[in-house]
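Some notes on the structure that comes next.
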Amino acid sequence: MTTENQFGPQGWTPDRLGSLAGKTYLITGANSGTGFQASRIFLSKGAKVVMLNRNPTKSAAAIASLKEEFGAAADVTFIRMDLSDLASVREAATTVLADVPHIDALICNAAIAQVPTQKFTTDGFESQLGTNHYGHFVLCGMLFDRINAAQGRIVVVASLGYKMGIKTIQFDDINWDKNYNANSVYSQSKLAQMMFAYELQDKVQATGKAVEVYVCHPGASATSLIETSGSTATKLIYRLMMKTPLVQSAEKGAYPEIMCATEDGLAQRALYGPTGRMEWTGPVGTGTLEPYAYDKAVMTKLWALSEDATGFEWSL
């Protein structure tokens with residue numbers, strides 16, 4: 001647990017935000033949970049929000065709810081994208097490039113978690129790695145130049161679950177065909193996202209680009225993440241946890257990603273999130289970052305593997 005917070009005892013809150021009029025924020029997985037709450041807060045400050053979600057029906061309901069709260073003029077739209085299907089990711093990115101001329105931040109918020117048995121994406125990747133990492137890897141790559149033109153940001157929403165597994169990437173069995181375990185594989189997918197972000201930071205610095213890249217996590221928040229993909233036992237455990245002080249609201253879980261998309265003066269080689277008990281809840285600030293999350297040799301190898309697996313080569 002961190003003992004001091006750079007934003008004071010209350011940590012970072014949306015009270016620090018001024019007007020965001022003229023700003024545009026893209027959020028994956030924005031029709032529920034922390035992504036939806038981030039959308040609410042951005043819209044309350046006058047920003048434009050573009051949701052990148054896989055479910056049109058839920059997206060329409062989310063937009064209707066937001067327009068009911070903020071008025072019909074609230075600037076929130078939806079582009080369909082399924083992170084588990086790279087063709088869908090490429091199509092969505094192409095639509096963004098056609099329709100969204102300015103991107104202040106892309107927030108990689110969507111994820112699946114604790115899938116109980118081995119499943120595969122449309123492209124043949126283990127589902128958690130394919131959805132959480134490879135999908136965002138291609139999306140960020142396709143939108144990078146547009147974000148760079150705006151001197152914008154990429155925010156990767158990770159998880160403290162990166163500490164649960166083997167603390168590296170299992171390159172010799174990337175799909176975990178031999179020893180599949182829901183927690184270990186989820187952990188690898190979130191670690192991969194973090195390593196992608198930290199390696200991207202290095203590449204941006206080396207090439208003099210203007211994009212800032214940040215990594216955060218929501219702590220333990222009351223969202224539908226586990227309900228969407230977890231096992232029956234995992235869902236039951238989390239339902240019980242949500243009745244305790246160990247779990248905070250989805251709105252508070254959204255604070256770190258909003259902070260990383262807007263706050264000036266943040267360090268990039270960091271992990272932002274709650275700083276209270278076990279860093280699950282509490283004031284938002286700089287959390288604990290384990291050194292293996294930015295092991296340079298592993299990051300470099302993962303980047304090369306990701307380009308090869310997805311068939312997408314970054315132009316950095």
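Note on naming: chains are A, B, ... as they come in the structure tokens, residues start from 1 per chain, ligands start from 1 in the order shown.
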| message | Quick one: residues within 6 Å of region 290-297 of chain A, only C-alpha atoms, excluding same-chain residues fewer than 2 positions away - as an NGL selection string? | response | :A and (195 or 299-300)
Saved selection, atoms kept: C-alpha atoms, as a PDB file, in the first residue's frame:
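Contents of result.pdb, freshly written:
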ATOM      1  CA  MET A 195       4.028  -5.072 -21.491  1.00  0.00           C
ATOM      2  CA  MET A 299       8.444  -7.047 -23.852  1.00  0.00           C
ATOM      3  CA  THR A 300      10.490  -7.029 -27.046  1.00  0.00           C
TER       4      THR A 300
END
| Can you tell me, as a ChimeraX atom specification, what residues are no more than 8 Å from region 149-155 of chain A when counting only C-alpha atoms, ignoring any on the same chain fewer than 2 positions away? | /A:102-108,140,145-147,157,210-216,257,260-261
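Relative to CA of Gly219 (chain A), CA of Asp85 (chain A) is found at 27.4 Å.
With only C-alpha atoms as the basis for measurement, A:Gly130 is the residue among A:Gly46, A:Pro56, A:Gly130, A:Gly208 that approaches Leu83 (chain A) most closely.
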| request: For Gly273 (chain A), list every protein, DNA or RNA residue within 6 Å, evaluated using only C-alpha atoms, and leave out those in the same chain fewer than 2 positions away; present the list as a ChimeraX atom specification. | output: /A:216-218,256,284-285,287
| task | Pick out each residue of region 112-265 of chain A that DSSP on the backbone tags as strand (DSSP E or B); I need them as number ranges by chain. | result | A: 120, 126, 153-157, 212-216, 221, 248
| said: Set the distance at 10 Å and use only C-alpha atoms: which residues neighbour region 29-44 of chain A once local chain neighbours fewer than 4 positions away are removed? I'd like the list as number ranges by chain. | reply: A: 14, 17, 19-21, 23-25, 48-63, 65-67, 69-70, 74-76, 78, 81-83, 107-111, 218, 221-225, 249-259, 262
Serialized selection, C-alpha atoms, as a JSON list (two decimals), in the first residue's frame:
[["chain", "number", "residue", "atom", "x", "y", "z"],
["A", 14, "PRO", "CA", -13.24, 14.02, -11.29],
["A", 17, "LEU", "CA", -11.54, 18.11, -14.29],
["A", 19, "SER", "CA", -14.37, 21.61, -19.20],
["A", 20, "LEU", "CA", -13.58, 18.92, -21.75],
["A", 21, "ALA", "CA", -15.49, 20.62, -24.55],
["A", 23, "LYS", "CA", -12.18, 16.70, -26.60],
["A", 24, "THR", "CA", -12.90, 13.26, -28.08],
["A", 25, "TYR", "CA", -12.49, 10.02, -26.14],
["A", 48, "LYS", "CA", -17.46, 13.71, -27.17],
["A", 49, "VAL", "CA", -17.47, 9.95, -26.53],
["A", 50, "VAL", "CA", -17.20, 7.20, -29.13],
["A", 51, "MET", "CA", -18.02, 3.75, -27.78],
["A", 52, "LEU", "CA", -16.38, 0.70, -29.34],
["A", 53, "ASN", "CA", -18.59, -2.22, -28.23],
["A", 54, "ARG", "CA", -19.53, -5.63, -29.57],
["A", 55, "ASN", "CA", -23.25, -5.60, -28.66],
["A", 56, "PRO", "CA", -25.44, -3.16, -30.64],
["A", 57, "THR", "CA", -28.52, -3.68, -28.46],
["A", 58, "LYS", "CA", -26.70, -2.96, -25.19],
["A", 59, "SER", "CA", -24.91, -0.03, -26.83],
["A", 60, "ALA", "CA", -28.19, 1.52, -27.95],
["A", 61, "ALA", "CA", -29.58, 1.14, -24.43],
["A", 62, "ALA", "CA", -26.45, 2.71, -22.93],
["A", 63, "ILE", "CA", -26.61, 5.67, -25.31],
["A", 65, "SER", "CA", -29.56, 6.19, -20.86],
["A", 66, "LEU", "CA", -26.78, 8.74, -21.32],
["A", 67, "LYS", "CA", -28.93, 11.00, -23.48],
["A", 69, "GLU", "CA", -29.24, 11.94, -18.25],
["A", 70, "PHE", "CA", -27.37, 14.60, -20.21],
["A", 74, "ALA", "CA", -25.00, 14.67, -25.61],
["A", 75, "ASP", "CA", -22.30, 13.75, -28.13],
["A", 76, "VAL", "CA", -22.05, 9.99, -27.72],
["A", 78, "PHE", "CA", -21.28, 3.79, -31.08],
["A", 81, "MET", "CA", -16.26, -3.84, -32.66],
["A", 82, "ASP", "CA", -15.59, -7.33, -31.38],
["A", 83, "LEU", "CA", -12.06, -7.52, -29.96],
["A", 107, "ILE", "CA", -9.02, 3.95, -23.58],
["A", 108, "CYS", "CA", -8.49, 0.19, -23.86],
["A", 109, "ASN", "CA", -11.09, -0.72, -21.25],
["A", 110, "ALA", "CA", -12.84, -3.85, -22.55],
["A", 111, "ALA", "CA", -11.81, -7.30, -21.32],
["A", 218, "PRO", "CA", -9.85, -0.22, -11.61],
["A", 221, "SER", "CA", -15.08, -2.71, -8.73],
["A", 222, "ALA", "CA", -18.71, -3.72, -9.02],
["A", 223, "THR", "CA", -18.86, -4.49, -12.75],
["A", 224, "SER", "CA", -20.21, -7.28, -14.94],
["A", 225, "LEU", "CA", -16.72, -8.50, -15.98],
["A", 249, "SER", "CA", -18.51, 1.14, -7.20],
["A", 250, "ALA", "CA", -17.96, 0.97, -10.96],
["A", 251, "GLU", "CA", -17.91, 4.77, -10.97],
["A", 252, "LYS", "CA", -14.92, 4.87, -8.64],
["A", 253, "GLY", "CA", -13.35, 2.07, -10.68],
["A", 254, "ALA", "CA", -13.49, 4.41, -13.68],
["A", 255, "TYR", "CA", -11.48, 7.17, -11.99],
["A", 256, "PRO", "CA", -8.02, 5.79, -12.88],
["A", 257, "GLU", "CA", -8.74, 5.57, -16.61],
["A", 258, "ILE", "CA", -10.28, 9.04, -16.68],
["A", 259, "MET", "CA", -7.28, 10.40, -14.79],
["A", 262, "THR", "CA", -6.82, 13.80, -18.81]]
| query | If you count only C-alpha atoms, which residues fall within 8 Å of Ile166 (chain A), apart from same-chain ones fewer than 3 positions away, as a PyMOL selection string? | reply | chain A and resi 163+169+184+188
